[in-house]
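As stored in final.cif (mmCIF, N, CA and C atoms):
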```cif
data_target
loop_
_atom_site.label_atom_id
_atom_site.label_comp_id
_atom_site.auth_asym_id
_atom_site.auth_seq_id
_atom_site.Cartn_x
_atom_site.Cartn_y
_atom_site.Cartn_z
N MET A 1 -65.03 -8.04 73.86
CA MET A 1 -64.68 -6.89 73.03
C MET A 1 -64.62 -7.32 71.57
N ALA A 2 -65.29 -6.58 70.73
CA ALA A 2 -65.26 -6.84 69.31
C ALA A 2 -64.27 -5.88 68.65
N GLN A 3 -63.65 -6.35 67.59
CA GLN A 3 -62.74 -5.46 66.88
C GLN A 3 -63.56 -4.51 66.00
N VAL A 4 -63.17 -3.25 66.02
CA VAL A 4 -63.84 -2.23 65.22
C VAL A 4 -62.89 -1.86 64.08
N GLU A 5 -63.44 -1.70 62.88
CA GLU A 5 -62.60 -1.37 61.72
C GLU A 5 -63.23 -0.25 60.92
N ALA A 6 -62.38 0.69 60.49
CA ALA A 6 -62.80 1.78 59.62
C ALA A 6 -61.85 1.83 58.44
N THR A 7 -62.41 1.84 57.21
CA THR A 7 -61.58 1.87 56.01
C THR A 7 -62.06 2.98 55.08
N THR A 8 -61.12 3.71 54.53
CA THR A 8 -61.40 4.79 53.59
C THR A 8 -60.38 4.69 52.46
N GLU A 9 -60.78 5.04 51.25
CA GLU A 9 -59.81 5.03 50.16
C GLU A 9 -60.07 6.16 49.18
N ARG A 10 -59.02 6.44 48.39
CA ARG A 10 -59.10 7.51 47.39
C ARG A 10 -58.06 7.23 46.32
N VAL A 11 -58.41 7.54 45.08
CA VAL A 11 -57.43 7.50 43.99
C VAL A 11 -56.88 8.90 43.83
N VAL A 12 -55.55 8.98 43.82
CA VAL A 12 -54.84 10.26 43.76
C VAL A 12 -54.10 10.33 42.43
N ALA A 13 -54.19 11.46 41.75
CA ALA A 13 -53.54 11.64 40.45
C ALA A 13 -52.06 12.03 40.63
N ALA A 14 -51.28 11.06 41.09
CA ALA A 14 -49.84 11.26 41.28
C ALA A 14 -49.18 9.88 41.31
N GLN A 15 -47.88 9.85 41.09
CA GLN A 15 -47.14 8.59 41.10
C GLN A 15 -47.23 7.94 42.50
N PRO A 16 -47.43 6.62 42.56
CA PRO A 16 -47.51 5.95 43.85
C PRO A 16 -46.31 6.23 44.77
N ASP A 17 -45.10 6.26 44.23
CA ASP A 17 -43.92 6.54 45.07
C ASP A 17 -43.98 7.93 45.69
N ASP A 18 -44.46 8.90 44.91
CA ASP A 18 -44.58 10.27 45.43
C ASP A 18 -45.64 10.35 46.53
N VAL A 19 -46.73 9.63 46.35
CA VAL A 19 -47.81 9.62 47.35
C VAL A 19 -47.31 8.97 48.63
N PHE A 20 -46.63 7.83 48.49
CA PHE A 20 -46.10 7.13 49.67
C PHE A 20 -45.09 8.01 50.40
N ASP A 21 -44.19 8.64 49.64
CA ASP A 21 -43.17 9.50 50.26
C ASP A 21 -43.81 10.64 51.04
N ALA A 22 -44.89 11.20 50.51
CA ALA A 22 -45.59 12.29 51.20
C ALA A 22 -46.21 11.78 52.51
N LEU A 23 -46.83 10.60 52.46
CA LEU A 23 -47.43 10.03 53.67
C LEU A 23 -46.37 9.70 54.72
N ALA A 24 -45.22 9.22 54.27
CA ALA A 24 -44.15 8.81 55.19
C ALA A 24 -43.35 9.99 55.74
N ASP A 25 -43.59 11.18 55.19
CA ASP A 25 -42.85 12.39 55.60
C ASP A 25 -43.53 13.01 56.82
N TYR A 26 -43.31 12.39 57.98
CA TYR A 26 -43.95 12.86 59.21
C TYR A 26 -43.40 14.21 59.67
N SER A 27 -42.17 14.53 59.31
CA SER A 27 -41.60 15.81 59.74
C SER A 27 -41.97 16.96 58.81
N GLY A 28 -42.67 16.66 57.71
CA GLY A 28 -43.06 17.71 56.77
C GLY A 28 -44.52 17.60 56.35
N THR A 29 -44.75 16.83 55.30
CA THR A 29 -46.07 16.75 54.67
C THR A 29 -47.16 16.27 55.61
N ARG A 30 -46.89 15.24 56.41
CA ARG A 30 -47.97 14.63 57.21
C ARG A 30 -48.65 15.65 58.11
N GLY A 31 -47.89 16.47 58.78
CA GLY A 31 -48.48 17.47 59.65
C GLY A 31 -49.37 18.46 58.91
N LYS A 32 -49.03 18.73 57.64
CA LYS A 32 -49.80 19.68 56.84
C LYS A 32 -51.14 19.13 56.35
N ILE A 33 -51.23 17.81 56.21
CA ILE A 33 -52.44 17.24 55.61
C ILE A 33 -53.47 16.75 56.65
N LEU A 34 -53.12 16.84 57.92
CA LEU A 34 -54.07 16.40 58.94
C LEU A 34 -55.24 17.38 59.04
N SER A 35 -56.40 16.85 59.39
CA SER A 35 -57.59 17.69 59.54
C SER A 35 -57.59 18.36 60.92
N GLU A 36 -58.61 19.17 61.14
CA GLU A 36 -58.74 19.89 62.43
C GLU A 36 -59.00 18.93 63.59
N HIS A 37 -59.26 17.66 63.31
CA HIS A 37 -59.49 16.67 64.35
C HIS A 37 -58.21 16.26 65.07
N PHE A 38 -57.06 16.64 64.50
CA PHE A 38 -55.76 16.29 65.07
C PHE A 38 -55.15 17.53 65.73
N SER A 39 -54.58 17.35 66.92
CA SER A 39 -53.92 18.45 67.60
C SER A 39 -52.66 17.94 68.29
N GLU A 40 -51.86 18.86 68.78
CA GLU A 40 -50.63 18.55 69.52
C GLU A 40 -49.71 17.60 68.74
N TYR A 41 -49.65 17.80 67.42
CA TYR A 41 -48.82 16.97 66.54
C TYR A 41 -47.34 17.20 66.85
N GLU A 42 -46.62 16.11 67.05
CA GLU A 42 -45.20 16.23 67.38
C GLU A 42 -44.45 14.95 66.96
N VAL A 43 -43.39 15.13 66.16
CA VAL A 43 -42.52 14.02 65.83
C VAL A 43 -41.50 13.90 66.95
N ARG A 44 -41.45 12.74 67.59
CA ARG A 44 -40.56 12.56 68.75
C ARG A 44 -39.29 11.81 68.39
N GLU A 45 -39.34 10.98 67.36
CA GLU A 45 -38.15 10.27 66.87
C GLU A 45 -38.30 10.12 65.37
N GLY A 46 -37.16 10.09 64.66
CA GLY A 46 -37.19 9.88 63.22
C GLY A 46 -37.90 11.02 62.51
N GLY A 47 -38.84 10.67 61.67
CA GLY A 47 -39.59 11.68 60.93
C GLY A 47 -39.87 11.26 59.51
N ASP A 48 -39.21 10.15 59.06
CA ASP A 48 -39.42 9.67 57.70
C ASP A 48 -39.65 8.16 57.72
N GLY A 49 -40.92 7.78 57.75
CA GLY A 49 -41.29 6.37 57.66
C GLY A 49 -40.83 5.51 58.82
N GLU A 50 -40.32 4.33 58.50
CA GLU A 50 -39.88 3.32 59.47
C GLU A 50 -39.08 3.96 60.60
N GLY A 51 -39.44 3.61 61.84
CA GLY A 51 -38.69 4.10 62.99
C GLY A 51 -39.18 5.43 63.55
N THR A 52 -40.16 6.03 62.90
CA THR A 52 -40.70 7.29 63.40
C THR A 52 -41.58 7.03 64.62
N LEU A 53 -41.51 7.93 65.57
CA LEU A 53 -42.41 7.94 66.72
C LEU A 53 -43.09 9.31 66.69
N VAL A 54 -44.41 9.30 66.55
CA VAL A 54 -45.15 10.55 66.39
C VAL A 54 -46.32 10.58 67.38
N HIS A 55 -46.60 11.77 67.89
CA HIS A 55 -47.68 11.97 68.85
C HIS A 55 -48.72 12.92 68.26
N TRP A 56 -49.99 12.65 68.56
CA TRP A 56 -51.06 13.60 68.30
C TRP A 56 -52.26 13.24 69.15
N LYS A 57 -53.16 14.19 69.26
CA LYS A 57 -54.45 13.91 69.88
C LYS A 57 -55.47 13.91 68.75
N LEU A 58 -56.32 12.89 68.76
CA LEU A 58 -57.35 12.74 67.75
C LEU A 58 -58.70 12.94 68.43
N GLN A 59 -59.40 14.00 68.00
CA GLN A 59 -60.72 14.29 68.57
C GLN A 59 -61.77 13.84 67.57
N ALA A 60 -62.28 12.63 67.80
CA ALA A 60 -63.25 12.04 66.88
C ALA A 60 -64.64 12.65 67.06
N THR A 61 -65.00 12.99 68.30
CA THR A 61 -66.27 13.65 68.59
C THR A 61 -66.00 14.74 69.62
N SER A 62 -67.02 15.49 69.99
CA SER A 62 -66.82 16.56 70.97
C SER A 62 -66.35 16.01 72.32
N LYS A 63 -66.71 14.74 72.61
CA LYS A 63 -66.35 14.16 73.90
C LYS A 63 -65.24 13.12 73.82
N ARG A 64 -64.94 12.63 72.64
CA ARG A 64 -64.01 11.51 72.49
C ARG A 64 -62.67 12.00 71.93
N ILE A 65 -61.65 12.03 72.80
CA ILE A 65 -60.30 12.44 72.39
C ILE A 65 -59.34 11.31 72.74
N ARG A 66 -58.58 10.87 71.75
CA ARG A 66 -57.57 9.83 71.96
C ARG A 66 -56.19 10.49 71.95
N ASP A 67 -55.40 10.19 72.97
CA ASP A 67 -54.01 10.63 73.03
C ASP A 67 -53.18 9.52 72.40
N CYS A 68 -52.63 9.76 71.22
CA CYS A 68 -51.97 8.72 70.43
C CYS A 68 -50.46 8.93 70.40
N LEU A 69 -49.72 7.86 70.65
CA LEU A 69 -48.27 7.84 70.50
C LEU A 69 -47.97 6.67 69.58
N LEU A 70 -47.64 6.99 68.33
CA LEU A 70 -47.61 5.99 67.27
C LEU A 70 -46.20 5.62 66.84
N GLU A 71 -45.95 4.31 66.79
CA GLU A 71 -44.70 3.78 66.25
C GLU A 71 -44.97 3.42 64.80
N VAL A 72 -44.11 3.88 63.90
CA VAL A 72 -44.32 3.66 62.47
C VAL A 72 -43.39 2.56 61.97
N SER A 73 -43.96 1.64 61.20
CA SER A 73 -43.16 0.62 60.53
C SER A 73 -43.56 0.55 59.07
N GLU A 74 -42.71 -0.08 58.26
CA GLU A 74 -42.98 -0.28 56.84
C GLU A 74 -42.78 -1.77 56.54
N PRO A 75 -43.80 -2.60 56.86
CA PRO A 75 -43.64 -4.05 56.71
C PRO A 75 -43.45 -4.52 55.27
N THR A 76 -44.06 -3.82 54.30
CA THR A 76 -43.89 -4.16 52.89
C THR A 76 -43.83 -2.87 52.08
N ASP A 77 -43.39 -2.97 50.84
CA ASP A 77 -43.35 -1.79 49.96
C ASP A 77 -44.74 -1.18 49.84
N GLY A 78 -44.81 0.13 49.96
CA GLY A 78 -46.08 0.83 49.81
C GLY A 78 -47.00 0.74 51.00
N GLU A 79 -46.46 0.32 52.15
CA GLU A 79 -47.31 0.15 53.33
C GLU A 79 -46.67 0.80 54.56
N LEU A 80 -47.44 1.64 55.22
CA LEU A 80 -47.05 2.26 56.49
C LEU A 80 -48.01 1.75 57.56
N VAL A 81 -47.46 1.32 58.70
CA VAL A 81 -48.29 0.87 59.80
C VAL A 81 -47.98 1.73 61.03
N GLU A 82 -49.03 2.30 61.61
CA GLU A 82 -48.91 3.15 62.80
C GLU A 82 -49.57 2.42 63.97
N LYS A 83 -48.75 1.95 64.93
CA LYS A 83 -49.27 1.25 66.11
C LYS A 83 -49.24 2.20 67.29
N ASP A 84 -50.40 2.37 67.93
CA ASP A 84 -50.53 3.27 69.07
C ASP A 84 -50.03 2.59 70.34
N ARG A 85 -49.05 3.18 71.00
CA ARG A 85 -48.54 2.64 72.27
C ARG A 85 -49.56 2.79 73.40
N ASN A 86 -50.53 3.70 73.24
CA ASN A 86 -51.49 3.99 74.30
C ASN A 86 -52.80 3.21 74.20
N SER A 87 -52.97 2.41 73.14
CA SER A 87 -54.22 1.67 72.96
C SER A 87 -53.98 0.51 72.00
N SER A 88 -55.07 -0.15 71.63
CA SER A 88 -54.99 -1.26 70.67
C SER A 88 -55.09 -0.77 69.22
N MET A 89 -55.17 0.53 69.00
CA MET A 89 -55.40 1.08 67.67
C MET A 89 -54.19 0.90 66.75
N VAL A 90 -54.46 0.39 65.54
CA VAL A 90 -53.44 0.23 64.50
C VAL A 90 -54.02 0.80 63.21
N THR A 91 -53.28 1.71 62.58
CA THR A 91 -53.70 2.29 61.30
C THR A 91 -52.71 1.86 60.23
N THR A 92 -53.23 1.33 59.13
CA THR A 92 -52.39 0.88 58.01
C THR A 92 -52.73 1.70 56.78
N TRP A 93 -51.69 2.28 56.18
CA TRP A 93 -51.81 3.04 54.93
C TRP A 93 -51.21 2.19 53.83
N ARG A 94 -51.98 1.90 52.77
CA ARG A 94 -51.46 1.14 51.63
C ARG A 94 -51.57 2.00 50.38
N VAL A 95 -50.46 2.12 49.66
CA VAL A 95 -50.43 2.88 48.42
C VAL A 95 -50.08 1.92 47.30
N THR A 96 -50.97 1.81 46.30
CA THR A 96 -50.75 0.91 45.17
C THR A 96 -51.04 1.66 43.87
N PRO A 97 -50.46 1.20 42.75
CA PRO A 97 -50.74 1.83 41.46
C PRO A 97 -52.23 1.72 41.11
N ALA A 98 -52.73 2.75 40.45
CA ALA A 98 -54.15 2.77 40.03
C ALA A 98 -54.24 3.31 38.60
N GLY A 99 -53.44 2.73 37.72
CA GLY A 99 -53.43 3.21 36.34
C GLY A 99 -52.28 4.17 36.13
N GLU A 100 -52.20 4.71 34.93
CA GLU A 100 -51.10 5.60 34.55
C GLU A 100 -51.09 6.88 35.39
N GLY A 101 -50.01 7.08 36.14
CA GLY A 101 -49.84 8.31 36.92
C GLY A 101 -50.82 8.48 38.06
N ALA A 102 -51.34 7.37 38.58
CA ALA A 102 -52.31 7.47 39.67
C ALA A 102 -52.00 6.42 40.74
N ALA A 103 -52.44 6.72 41.95
CA ALA A 103 -52.23 5.82 43.08
C ALA A 103 -53.53 5.65 43.86
N ARG A 104 -53.77 4.43 44.33
CA ARG A 104 -54.88 4.18 45.22
C ARG A 104 -54.32 4.19 46.64
N VAL A 105 -54.92 4.98 47.50
CA VAL A 105 -54.52 5.03 48.91
C VAL A 105 -55.67 4.46 49.72
N VAL A 106 -55.37 3.42 50.50
CA VAL A 106 -56.38 2.81 51.37
C VAL A 106 -55.87 2.95 52.80
N VAL A 107 -56.67 3.53 53.66
CA VAL A 107 -56.31 3.67 55.08
C VAL A 107 -57.33 2.87 55.90
N THR A 108 -56.79 1.96 56.72
CA THR A 108 -57.63 1.10 57.56
C THR A 108 -57.17 1.22 59.01
N THR A 109 -58.11 1.51 59.89
CA THR A 109 -57.82 1.58 61.31
C THR A 109 -58.64 0.52 62.02
N VAL A 110 -57.98 -0.25 62.89
CA VAL A 110 -58.66 -1.27 63.69
C VAL A 110 -58.30 -1.07 65.16
N TRP A 111 -59.24 -1.40 66.04
CA TRP A 111 -58.98 -1.34 67.48
C TRP A 111 -59.98 -2.25 68.18
N ASP A 112 -59.66 -2.59 69.42
CA ASP A 112 -60.56 -3.39 70.24
C ASP A 112 -61.62 -2.47 70.80
N GLY A 113 -62.87 -2.73 70.43
CA GLY A 113 -63.97 -1.88 70.86
C GLY A 113 -64.44 -2.23 72.26
N ALA A 114 -65.29 -1.38 72.78
CA ALA A 114 -65.87 -1.60 74.10
C ALA A 114 -66.88 -2.74 74.05
N GLY A 115 -67.23 -3.26 75.20
CA GLY A 115 -68.26 -4.30 75.28
C GLY A 115 -69.62 -3.68 75.51
N GLY A 116 -70.64 -4.50 75.54
CA GLY A 116 -71.98 -4.06 75.89
C GLY A 116 -72.60 -3.10 74.90
N ILE A 117 -73.55 -2.31 75.40
CA ILE A 117 -74.28 -1.38 74.54
C ILE A 117 -73.36 -0.30 73.99
N GLY A 118 -72.40 0.15 74.80
CA GLY A 118 -71.43 1.14 74.31
C GLY A 118 -70.64 0.60 73.13
N GLY A 119 -70.28 -0.68 73.20
CA GLY A 119 -69.55 -1.32 72.11
C GLY A 119 -70.39 -1.40 70.84
N PHE A 120 -71.70 -1.65 71.01
CA PHE A 120 -72.59 -1.68 69.86
C PHE A 120 -72.60 -0.33 69.14
N PHE A 121 -72.74 0.75 69.92
CA PHE A 121 -72.76 2.08 69.31
C PHE A 121 -71.41 2.44 68.70
N GLU A 122 -70.32 2.04 69.39
CA GLU A 122 -68.99 2.30 68.86
C GLU A 122 -68.80 1.61 67.51
N LYS A 123 -69.16 0.34 67.45
CA LYS A 123 -68.99 -0.44 66.21
C LYS A 123 -69.89 0.11 65.09
N THR A 124 -71.04 0.67 65.47
CA THR A 124 -71.97 1.20 64.48
C THR A 124 -71.56 2.58 63.96
N PHE A 125 -71.14 3.47 64.85
CA PHE A 125 -70.92 4.87 64.45
C PHE A 125 -69.46 5.29 64.29
N ALA A 126 -68.55 4.71 65.06
CA ALA A 126 -67.15 5.13 64.99
C ALA A 126 -66.53 4.97 63.60
N PRO A 127 -66.77 3.86 62.89
CA PRO A 127 -66.18 3.74 61.56
C PRO A 127 -66.61 4.85 60.59
N LYS A 128 -67.88 5.26 60.68
CA LYS A 128 -68.36 6.34 59.81
C LYS A 128 -67.66 7.66 60.15
N GLY A 129 -67.55 7.95 61.44
CA GLY A 129 -66.91 9.19 61.86
C GLY A 129 -65.44 9.22 61.48
N LEU A 130 -64.74 8.11 61.73
CA LEU A 130 -63.32 8.05 61.38
C LEU A 130 -63.15 8.10 59.87
N GLY A 131 -64.09 7.49 59.15
CA GLY A 131 -64.05 7.55 57.68
C GLY A 131 -64.12 8.98 57.18
N ARG A 132 -64.99 9.78 57.78
CA ARG A 132 -65.09 11.20 57.39
C ARG A 132 -63.79 11.94 57.68
N ILE A 133 -63.18 11.65 58.82
CA ILE A 133 -61.92 12.30 59.18
C ILE A 133 -60.85 11.95 58.15
N TYR A 134 -60.73 10.67 57.81
CA TYR A 134 -59.70 10.26 56.85
C TYR A 134 -60.04 10.68 55.43
N ASP A 135 -61.31 10.86 55.08
CA ASP A 135 -61.66 11.44 53.78
C ASP A 135 -61.03 12.82 53.64
N THR A 136 -61.11 13.61 54.70
CA THR A 136 -60.52 14.95 54.70
C THR A 136 -59.00 14.88 54.55
N VAL A 137 -58.36 13.97 55.30
CA VAL A 137 -56.91 13.82 55.22
C VAL A 137 -56.50 13.40 53.82
N LEU A 138 -57.22 12.47 53.22
CA LEU A 138 -56.88 12.01 51.87
C LEU A 138 -57.11 13.11 50.83
N ALA A 139 -58.13 13.93 51.02
CA ALA A 139 -58.35 15.07 50.11
C ALA A 139 -57.19 16.05 50.20
N LYS A 140 -56.71 16.31 51.42
CA LYS A 140 -55.59 17.23 51.60
C LYS A 140 -54.30 16.62 51.05
N LEU A 141 -54.15 15.30 51.19
CA LEU A 141 -53.00 14.60 50.59
C LEU A 141 -53.02 14.77 49.08
N ALA A 142 -54.19 14.54 48.47
CA ALA A 142 -54.32 14.68 47.02
C ALA A 142 -53.97 16.10 46.59
N ALA A 143 -54.47 17.10 47.29
CA ALA A 143 -54.17 18.49 46.95
C ALA A 143 -52.67 18.76 47.04
N GLU A 144 -52.00 18.13 47.98
CA GLU A 144 -50.56 18.33 48.19
C GLU A 144 -49.74 17.68 47.08
N VAL A 145 -50.06 16.45 46.69
CA VAL A 145 -49.21 15.73 45.74
C VAL A 145 -49.64 15.90 44.28
N GLU A 146 -50.84 16.41 44.04
CA GLU A 146 -51.29 16.61 42.66
C GLU A 146 -50.88 17.97 42.11
N LYS A 147 -50.07 18.72 42.84
CA LYS A 147 -49.65 20.05 42.41
C LYS A 147 -48.83 19.99 41.14
#
```

Conversion result in structure tokens:
Amino acid sequence: MAQVEATTERVVAAQPDDVFDALADYSGTRGKILSEHFSEYEVREGGDGEGTLVHWKLQATSKRIRDCLLEVSEPTDGELVEKDRNSSMVTTWRVTPAGEGAARVVVTTVWDGAGGIGGFFEKTFAPKGLGRIYDTVLAKLAAEVEK
């Protein structure tokens, strides 16, 4: 099994702390900025950053749906890590300053891919598809915090 990685980033015209707070607000903002690829969104514990347990289904393609139960941690300032209890998938959100009144948001998802020919196609196409999904989420995040 090879590790598969998808990374997307965007510069948002808002203070880094405000951007991070919006991302960490699972009981409010986060549910609003998800794309149509996410369904059955539910905060099961916590709701604000570290200690949150959140559930959703992620439909990456018409046939590929992941049932995700994510534990949220904040290992360092400006970083949220979502570890899926149902798979090897880990998503890391990093928010850093990007000049005056701006923040760079980088989202990276890694997981153990399939083997064989299926793994080849997964490693080739899944990062692009997930990148498009997170481009939409980051655009909605920007619209939310740049108000």

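Between atom CA of Tyr26 of chain A and atom CA of Leu58 of chain A lies a distance of 15.9 Å.
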
Q: Let me know the residues the PyMOL selection byres ((chain A and resi 39) around 6) catches in the file above, as a ChimeraX atom specification.
A: /A:36-38,40-41,56-59

Q.
Counting all atoms listed in the file, which residues have an atom no more than 7 Å from (-57.1, 0.6, 59.3) in the file's coordinates? Please list them as a VMD selection string.
A. chain A and resid 5 to 8 90 to 93 107 to 110

Q: Could you check how far atom C of Pro97 of chain A sits from atom C of Glu146 of chain A, in Å to one decimal?
A: 16.3 Å

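Residues within 12 Å of Ala13 of chain A, counting only C-alpha atoms and excluding same-chain residues fewer than 5 positions away, are A:Asp18, A:Val19, A:Pro97, A:Ala98, A:Gly99, A:Glu100, A:Gly101, A:Ala102, A:Ala103, A:Arg104, A:Val105, A:Leu138, A:Ala139, A:Leu141, A:Ala142, A:Ala143, A:Glu144, A:Val145, A:Glu146, A:Lys147.
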
Dump as a JSON list (two decimals), keeping the file's coordinate frame, selection limited to N, CA and C atoms:
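Now in part.json:
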```json
[["chain", "number", "residue", "atom", "x", "y", "z"],
["A", 18, "ASP", "N", -44.46, 8.90, 44.91],
["A", 18, "ASP", "CA", -44.58, 10.27, 45.43],
["A", 18, "ASP", "C", -45.64, 10.35, 46.53],
["A", 19, "VAL", "N", -46.73, 9.63, 46.35],
["A", 19, "VAL", "CA", -47.81, 9.62, 47.35],
["A", 19, "VAL", "C", -47.31, 8.97, 48.63],
["A", 97, "PRO", "N", -50.46, 1.20, 42.75],
["A", 97, "PRO", "CA", -50.74, 1.83, 41.46],
["A", 97, "PRO", "C", -52.23, 1.72, 41.11],
["A", 98, "ALA", "N", -52.73, 2.75, 40.45],
["A", 98, "ALA", "CA", -54.15, 2.77, 40.03],
["A", 98, "ALA", "C", -54.24, 3.31, 38.60],
["A", 99, "GLY", "N", -53.44, 2.73, 37.72],
["A", 99, "GLY", "CA", -53.43, 3.21, 36.34],
["A", 99, "GLY", "C", -52.28, 4.17, 36.13],
["A", 100, "GLU", "N", -52.20, 4.71, 34.93],
["A", 100, "GLU", "CA", -51.10, 5.60, 34.55],
["A", 100, "GLU", "C", -51.09, 6.88, 35.39],
["A", 101, "GLY", "N", -50.01, 7.08, 36.14],
["A", 101, "GLY", "CA", -49.84, 8.31, 36.92],
["A", 101, "GLY", "C", -50.82, 8.48, 38.06],
["A", 102, "ALA", "N", -51.34, 7.37, 38.58],
["A", 102, "ALA", "CA", -52.31, 7.47, 39.67],
["A", 102, "ALA", "C", -52.00, 6.42, 40.74],
["A", 103, "ALA", "N", -52.44, 6.72, 41.95],
["A", 103, "ALA", "CA", -52.23, 5.82, 43.08],
["A", 103, "ALA", "C", -53.53, 5.65, 43.86],
["A", 104, "ARG", "N", -53.77, 4.43, 44.33],
["A", 104, "ARG", "CA", -54.88, 4.18, 45.22],
["A", 104, "ARG", "C", -54.32, 4.19, 46.64],
["A", 105, "VAL", "N", -54.92, 4.98, 47.50],
["A", 105, "VAL", "CA", -54.52, 5.03, 48.91],
["A", 105, "VAL", "C", -55.67, 4.46, 49.72],
["A", 138, "LEU", "N", -57.22, 12.47, 53.22],
["A", 138, "LEU", "CA", -56.88, 12.01, 51.87],
["A", 138, "LEU", "C", -57.11, 13.11, 50.83],
["A", 139, "ALA", "N", -58.13, 13.93, 51.02],
["A", 139, "ALA", "CA", -58.35, 15.07, 50.11],
["A", 139, "ALA", "C", -57.19, 16.05, 50.20],
["A", 141, "LEU", "N", -54.15, 15.30, 51.19],
["A", 141, "LEU", "CA", -53.00, 14.60, 50.59],
["A", 141, "LEU", "C", -53.02, 14.77, 49.08],
["A", 142, "ALA", "N", -54.19, 14.54, 48.47],
["A", 142, "ALA", "CA", -54.32, 14.68, 47.02],
["A", 142, "ALA", "C", -53.97, 16.10, 46.59],
["A", 143, "ALA", "N", -54.47, 17.10, 47.29],
["A", 143, "ALA", "CA", -54.17, 18.49, 46.95],
["A", 143, "ALA", "C", -52.67, 18.76, 47.04],
["A", 144, "GLU", "N", -52.00, 18.13, 47.98],
["A", 144, "GLU", "CA", -50.56, 18.33, 48.19],
["A", 144, "GLU", "C", -49.74, 17.68, 47.08],
["A", 145, "VAL", "N", -50.06, 16.45, 46.69],
["A", 145, "VAL", "CA", -49.21, 15.73, 45.74],
["A", 145, "VAL", "C", -49.64, 15.90, 44.28],
["A", 146, "GLU", "N", -50.84, 16.41, 44.04],
["A", 146, "GLU", "CA", -51.29, 16.61, 42.66],
["A", 146, "GLU", "C", -50.88, 17.97, 42.11],
["A", 147, "LYS", "N", -50.07, 18.72, 42.84],
["A", 147, "LYS", "CA", -49.65, 20.05, 42.41],
["A", 147, "LYS", "C", -48.83, 19.99, 41.14]]
```

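Here atom CA of Glu42 of chain A stands at a distance of 5.8 Å from atom CA of Val54 of chain A.
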
Fix up segment 18-29 of chain A with N, CA, C and O atoms, then write it as a PDB file, in the frame of the given file.
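New file part02.pdb:
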```pdb
ATOM      1  N   ASP A  18     -44.460   8.900  44.910  1.00  0.00           N
ATOM      2  CA  ASP A  18     -44.580  10.270  45.430  1.00  0.00           C
ATOM      3  C   ASP A  18     -45.640  10.350  46.530  1.00  0.00           C
ATOM      4  O   ASP A  18     -45.457  11.062  47.527  1.00  0.00           O
ATOM      5  N   VAL A  19     -46.730   9.630  46.350  1.00  0.00           N
ATOM      6  CA  VAL A  19     -47.810   9.620  47.350  1.00  0.00           C
ATOM      7  C   VAL A  19     -47.310   8.970  48.630  1.00  0.00           C
ATOM      8  O   VAL A  19     -47.497   9.500  49.731  1.00  0.00           O
ATOM      9  N   PHE A  20     -46.630   7.830  48.490  1.00  0.00           N
ATOM     10  CA  PHE A  20     -46.100   7.130  49.670  1.00  0.00           C
ATOM     11  C   PHE A  20     -45.090   8.010  50.400  1.00  0.00           C
ATOM     12  O   PHE A  20     -45.118   8.116  51.627  1.00  0.00           O
ATOM     13  N   ASP A  21     -44.190   8.640  49.640  1.00  0.00           N
ATOM     14  CA  ASP A  21     -43.170   9.500  50.260  1.00  0.00           C
ATOM     15  C   ASP A  21     -43.810  10.640  51.040  1.00  0.00           C
ATOM     16  O   ASP A  21     -43.335  11.003  52.120  1.00  0.00           O
ATOM     17  N   ALA A  22     -44.890  11.200  50.510  1.00  0.00           N
ATOM     18  CA  ALA A  22     -45.590  12.290  51.200  1.00  0.00           C
ATOM     19  C   ALA A  22     -46.210  11.780  52.510  1.00  0.00           C
ATOM     20  O   ALA A  22     -46.090  12.431  53.557  1.00  0.00           O
ATOM     21  N   LEU A  23     -46.830  10.600  52.460  1.00  0.00           N
ATOM     22  CA  LEU A  23     -47.430  10.030  53.670  1.00  0.00           C
ATOM     23  C   LEU A  23     -46.370   9.700  54.720  1.00  0.00           C
ATOM     24  O   LEU A  23     -46.600   9.868  55.918  1.00  0.00           O
ATOM     25  N   ALA A  24     -45.220   9.220  54.270  1.00  0.00           N
ATOM     26  CA  ALA A  24     -44.150   8.810  55.190  1.00  0.00           C
ATOM     27  C   ALA A  24     -43.350   9.990  55.740  1.00  0.00           C
ATOM     28  O   ALA A  24     -42.547   9.818  56.650  1.00  0.00           O
ATOM     29  N   ASP A  25     -43.590  11.180  55.190  1.00  0.00           N
ATOM     30  CA  ASP A  25     -42.850  12.390  55.600  1.00  0.00           C
ATOM     31  C   ASP A  25     -43.530  13.010  56.820  1.00  0.00           C
ATOM     32  O   ASP A  25     -44.207  14.023  56.734  1.00  0.00           O
ATOM     33  N   TYR A  26     -43.310  12.390  57.980  1.00  0.00           N
ATOM     34  CA  TYR A  26     -43.950  12.860  59.210  1.00  0.00           C
ATOM     35  C   TYR A  26     -43.400  14.210  59.670  1.00  0.00           C
ATOM     36  O   TYR A  26     -44.091  14.948  60.351  1.00  0.00           O
ATOM     37  N   SER A  27     -42.170  14.530  59.310  1.00  0.00           N
ATOM     38  CA  SER A  27     -41.600  15.810  59.740  1.00  0.00           C
ATOM     39  C   SER A  27     -41.970  16.960  58.810  1.00  0.00           C
ATOM     40  O   SER A  27     -41.670  18.114  59.101  1.00  0.00           O
ATOM     41  N   GLY A  28     -42.670  16.660  57.710  1.00  0.00           N
ATOM     42  CA  GLY A  28     -43.060  17.710  56.770  1.00  0.00           C
ATOM     43  C   GLY A  28     -44.520  17.600  56.350  1.00  0.00           C
ATOM     44  O   GLY A  28     -45.421  18.136  56.984  1.00  0.00           O
ATOM     45  N   THR A  29     -44.750  16.830  55.300  1.00  0.00           N
ATOM     46  CA  THR A  29     -46.070  16.750  54.670  1.00  0.00           C
ATOM     47  C   THR A  29     -47.160  16.270  55.610  1.00  0.00           C
ATOM     48  O   THR A  29     -48.267  16.813  55.616  1.00  0.00           O
TER      49      THR A  29
END
```
